[in-house]
Amino acid sequence: MRVEIIVLAVYFIGMISMGLFWNRRAKSSEDYMLGGRSMGPLVTALTLQTTAMSGFMFMGGPSKAYLLGYFAIFYAVGDAGGGLVNISVLGRRMRRLSQLLDAISPIEYLEKRYESIPVKVIACIIAVFGLGCYVLAQFLATGKTLVSLFGFPLEIGLVVGCAVILFYTFVGGYFAVAWTDVIQGFIMIGSLITILILSLIKVGGFTGLNESLAAIDPTYLSIWGKGGEYEGAWGVIAGAVLVYLIGYMGLPHCVNKHMAMANPKTAKTTVVYATIWTQLFCFTPYILGLCGVVLLTQEVAPGFKDPEMVIPTLANLMFPGVVSAIVLTAIMSAIMSTVAALLLLIGTIVSIDFYKRWLRPNATDKSVVFVSKAAIIITGIIGIAVAILKPPGVFDLVVDTFSFMGCAFLPSYVCAVWWKKANATGSVASMIVGGATVQIWSWGGLESVTGMHQFFAGVILSWIAMLIFSQFGKPTSKDMCDLMERAKGKKANVSKKVQVATSKHLSTESKAISQFVFANKTFGQLEAIK
């Protein structure tokens with residue numbers, strides 16, 4: 001049996017075992033969906049970053065560099081600072097406010113912060129559509145990886161790879177997703193650095209790489225892209241940097257990592273771990289894409305045609321055996337970490353924001369978790385079917401979906417903790433304008449016409465909509481302003497109404513104790529004496 005198959009099989013067994021192990025810890029809906037809000041800094045950092053990177057970094061990123069040259073590095077520049085910006089801006093405040101609001105899902109969080117049902121409805125539609133497309137991209141990457149390296153039919157590759165992801169997510173919930181992300185994060189770093197070193201040795205270092213690229217086509221070295229495709233298009237460059245620099249703050253499956261931290265102080269150390277990880281990781285896939293231009297010649301790889309398979313092909317043809325097996329495992333790690341987070345969040349949205357919110361307000365924890373698991377399985381089956389029937393390109397699908405959700409949600413999440421005047425009217429307008437702009441830009445091919453990246457256009461108009469429309473409609477309530485003050489972590493005067501509301505949103509056990517104490521006659525007599 002090929003060593004790659006053995007290594008991959010061991011990895012799959014390990015992931016399944018993690019799911020079974022953590023299944024014992026998920027005793028409530030909050031445990032299953034947020035890990036009981038107990039995640040430490042290292043786990044938070046790695047689950048945040050591995051979830052954000054996805055199979056895109058092993059397939060879409062290198063593909064962009066292979067096709068456009070050094071222009072693709074602009075995406076890495078933004079990505080290198082994305083985790084730092086995300087955690088610094090949202091981390092502590094979102095962690096505090098989400099618990100004060102007793103919000104388990106990032107959509108429920110928006111509804112309670114903006115005190116509006118329309119916010120929830122629109123956010124749910126955007127999130128389910130966007131997350132579904134993201135799942136499709138990762139499933140496609142799974143199938144293409146297994147097909148390329150083992151020659152499996154696409155259907156078999158998708159079913160095998162995705163079945164493992166579905167199993168450990170279904171069984172272990174957030175605990176399994178987070179801790180497998182830690183393992184996957186180290187695998188991703190180790191494998192990419194290994195193949196980068198070997199590739200640079202073969203091309204003669206960075207000097208040899210640049211000389212070889214210049215000999216093939218000098219425009220590979222241009223910031224405007226191969227052939228000067230984006231010459232003078234500063235709006236495209238700005239969008240390429242910003243999409244990953246600030247876009248993570250608009251992705252529900254990334255911001256909910258803040259809600260799962262053990263405490264707000266966790267964010268400080270998380271920033272350090274996340275920053276170190278991104279500096280080691282973000283630029284490497286793009287550099288490997290450039291190495292692929294030089295190394296994957298027709299003599300070495302005569303059948304090579306798909307730029308999204310640069311890294312798997314390099315690993316398989318240039319470095320067979322153990323190195324190829326490690327890289328394969330890393331690609332699967334990147335894909336699986338993202339898919340698991342996406343599926344878990346879709347299950348959370350369906351169970352908390354649809355089922356418990358609309359269908360059964362008094363649903364038990366057990367039934368909520370059951371609905372979440374059912375949603376995970378159904379989404380997985382649909383994703384596999386669509387990926388088999390009509391597989392699009394990984395890069396385009398990821399960037400489009402990333403831009404769509406980022407522009408739709410970014411102002412709402414940031415303003416939720418930083419701007420008290422932001423209200424439901426502004427949030428709704430921002431989500432609609434941001435998401436619609438990205439779709440119009442994508443469908444109309446306006447990037448080449450306007451010289452402006454879809455994310456850059458979408459995020460500008462989304463922020464404008466938030467700022468303008470927040471001047472209309474019902475203003476943020478005094479109670480919510482009090483909670484936002486508490487979310488800062490400073491001492492603040494909080495109204496009695498907020499205190500009572502907060503006590504009502506305690507855990508089941510604490511709620512029972514509170515109800516007993518307030519209902520106890522002795523307590524009432526003591527209050528009378530005071």
# chains A, B, ... in the order shown; residues from 1 in each chain; ligands from 1
call {"tool": "residues_around", "arguments": {"residues": "Thr194 in chain A", "least_positions_apart": "6", "cutoff": "10 Å", "atoms": "only C-alpha atoms", "output": "PyMOL selection string"}}
result
chain A and resi 323+326-327
call {"tool": "write_last_selection", "arguments": {"atoms": "all heavy atoms", "output": "PDB file, in the first residue's frame"}}
result
ATOM      1  N   VAL A 323       7.070  12.987   2.466  1.00  0.00           N
ATOM      2  CA  VAL A 323       6.772  14.411   2.313  1.00  0.00           C
ATOM      3  C   VAL A 323       5.421  14.601   1.628  1.00  0.00           C
ATOM      4  O   VAL A 323       4.597  15.417   2.041  1.00  0.00           O
ATOM      5  CB  VAL A 323       7.876  15.134   1.508  1.00  0.00           C
ATOM      6  CG1 VAL A 323       7.478  16.584   1.243  1.00  0.00           C
ATOM      7  CG2 VAL A 323       9.196  15.078   2.256  1.00  0.00           C
ATOM      8  N   ILE A 326       2.688  13.890   4.085  1.00  0.00           N
ATOM      9  CA  ILE A 326       2.514  14.971   5.073  1.00  0.00           C
ATOM     10  C   ILE A 326       1.737  16.124   4.462  1.00  0.00           C
ATOM     11  O   ILE A 326       0.834  16.691   5.086  1.00  0.00           O
ATOM     12  CB  ILE A 326       3.880  15.450   5.582  1.00  0.00           C
ATOM     13  CG1 ILE A 326       4.551  14.357   6.407  1.00  0.00           C
ATOM     14  CG2 ILE A 326       3.718  16.713   6.432  1.00  0.00           C
ATOM     15  CD1 ILE A 326       5.975  14.690   6.815  1.00  0.00           C
ATOM     16  N   VAL A 327       2.079  16.485   3.220  1.00  0.00           N
ATOM     17  CA  VAL A 327       1.396  17.591   2.554  1.00  0.00           C
ATOM     18  C   VAL A 327      -0.063  17.248   2.303  1.00  0.00           C
ATOM     19  O   VAL A 327      -0.959  18.083   2.474  1.00  0.00           O
ATOM     20  CB  VAL A 327       2.100  17.957   1.222  1.00  0.00           C
ATOM     21  CG1 VAL A 327       1.300  19.012   0.467  1.00  0.00           C
ATOM     22  CG2 VAL A 327       3.505  18.468   1.500  1.00  0.00           C
TER      23      VAL A 327
END
call {"tool": "residues_around", "arguments": {"residues": "Leu317 in chain A", "least_positions_apart": "4", "cutoff": "8 Å", "atoms": "only C-alpha atoms", "output": "mmCIF file with N, CA, C and O atoms, in the first residue's frame"}}
result
data_model
loop_
_atom_site.group_PDB
_atom_site.id
_atom_site.type_symbol
_atom_site.label_atom_id
_atom_site.label_comp_id
_atom_site.auth_asym_id
_atom_site.auth_seq_id
_atom_site.Cartn_x
_atom_site.Cartn_y
_atom_site.Cartn_z
ATOM 1 N N VAL A 300 8.579 17.729 -16.501
ATOM 2 C CA VAL A 300 8.441 17.143 -15.170
ATOM 3 C C VAL A 300 7.013 16.668 -14.918
ATOM 4 O O VAL A 300 6.789 15.582 -14.376
ATOM 5 N N ALA A 301 6.048 17.504 -15.310
ATOM 6 C CA ALA A 301 4.637 17.173 -15.087
ATOM 7 C C ALA A 301 3.875 17.384 -16.395
ATOM 8 O O ALA A 301 3.149 18.372 -16.552
ATOM 9 N N THR A 313 0.498 18.557 -6.578
ATOM 10 C CA THR A 313 1.325 18.022 -7.666
ATOM 11 C C THR A 313 2.801 18.113 -7.315
ATOM 12 O O THR A 313 3.581 17.183 -7.568
#
call {"tool": "closest_residue", "arguments": {"among": "A:Leu295, A:Ala233, A:Leu166, A:Cys254", "to": "Ala375 in chain A", "atoms": "only C-alpha atoms"}}
result
A:Leu166
call {"tool": "select_by_dssp", "arguments": {"residues": "range 259-406 of chain A", "states": "alpha helix (DSSP H)", "output": "PyMOL selection string"}}
result
chain A and resi 259+266-281+284-295+310-313+322-348+365-389+394-406
call {"tool": "atom_distance", "arguments": {"atom1": "CA of Gly60 in chain A", "atom2": "CA of Phe281 in chain A"}}
result
14.6 Å
call {"tool": "residues_around", "arguments": {"residues": "range 67-73 of chain A", "least_positions_apart": "3", "cutoff": "8 Å", "atoms": "only C-alpha atoms", "output": "VMD selection string"}}
result
chain A and resid 61 63 to 64 76 to 77 219 to 226 283 286 290 307
call {"tool": "closest_residue", "arguments": {"among": "A:Val386, A:Leu196, A:Val243, A:Ile376", "to": "Phe455 in chain A", "atoms": "only C-alpha atoms"}}
result
A:Val243
call {"tool": "residues_around", "arguments": {"residues": "Tyr244 in chain A", "least_positions_apart": "4", "cutoff": "12 Å", "atoms": "only C-alpha atoms", "output": "number ranges by chain"}}
result
A: 49, 52-53, 57, 73-86, 238-240, 248-251, 254, 278, 282, 398-399, 402-403, 406-407, 410, 455-456
call {"tool": "atom_distance", "arguments": {"atom1": "CA of Val371 in chain A", "atom2": "CA of Pro41 in chain A"}}
result
29.9 Å
call {"tool": "closest_residue", "arguments": {"among": "A:Ile464, A:Ala416, A:Val310, A:Cys291", "to": "Glu211 in chain A", "atoms": "only C-alpha atoms"}}
result
A:Cys291
call {"tool": "residues_around", "arguments": {"residues": "Ile117 in chain A", "least_positions_apart": "6", "cutoff": "12 Å", "atoms": "only C-alpha atoms", "output": "ChimeraX atom specification"}}
result
/A:107-111,123-124,353-354,357-358,424-425,427-428
call {"tool": "closest_residue", "arguments": {"among": "A:Met484, A:Ala137, A:Ala465, A:Ile378", "to": "Lys420 in chain A", "atoms": "only C-alpha atoms"}}
result
A:Met484
call {"tool": "residues_around", "arguments": {"residues": "Ile165 in chain A", "least_positions_apart": "3", "cutoff": "8 Å", "atoms": "only C-alpha atoms", "output": "PyMOL selection string"}}
result
chain A and resi 161-162+168-169+336+339-340
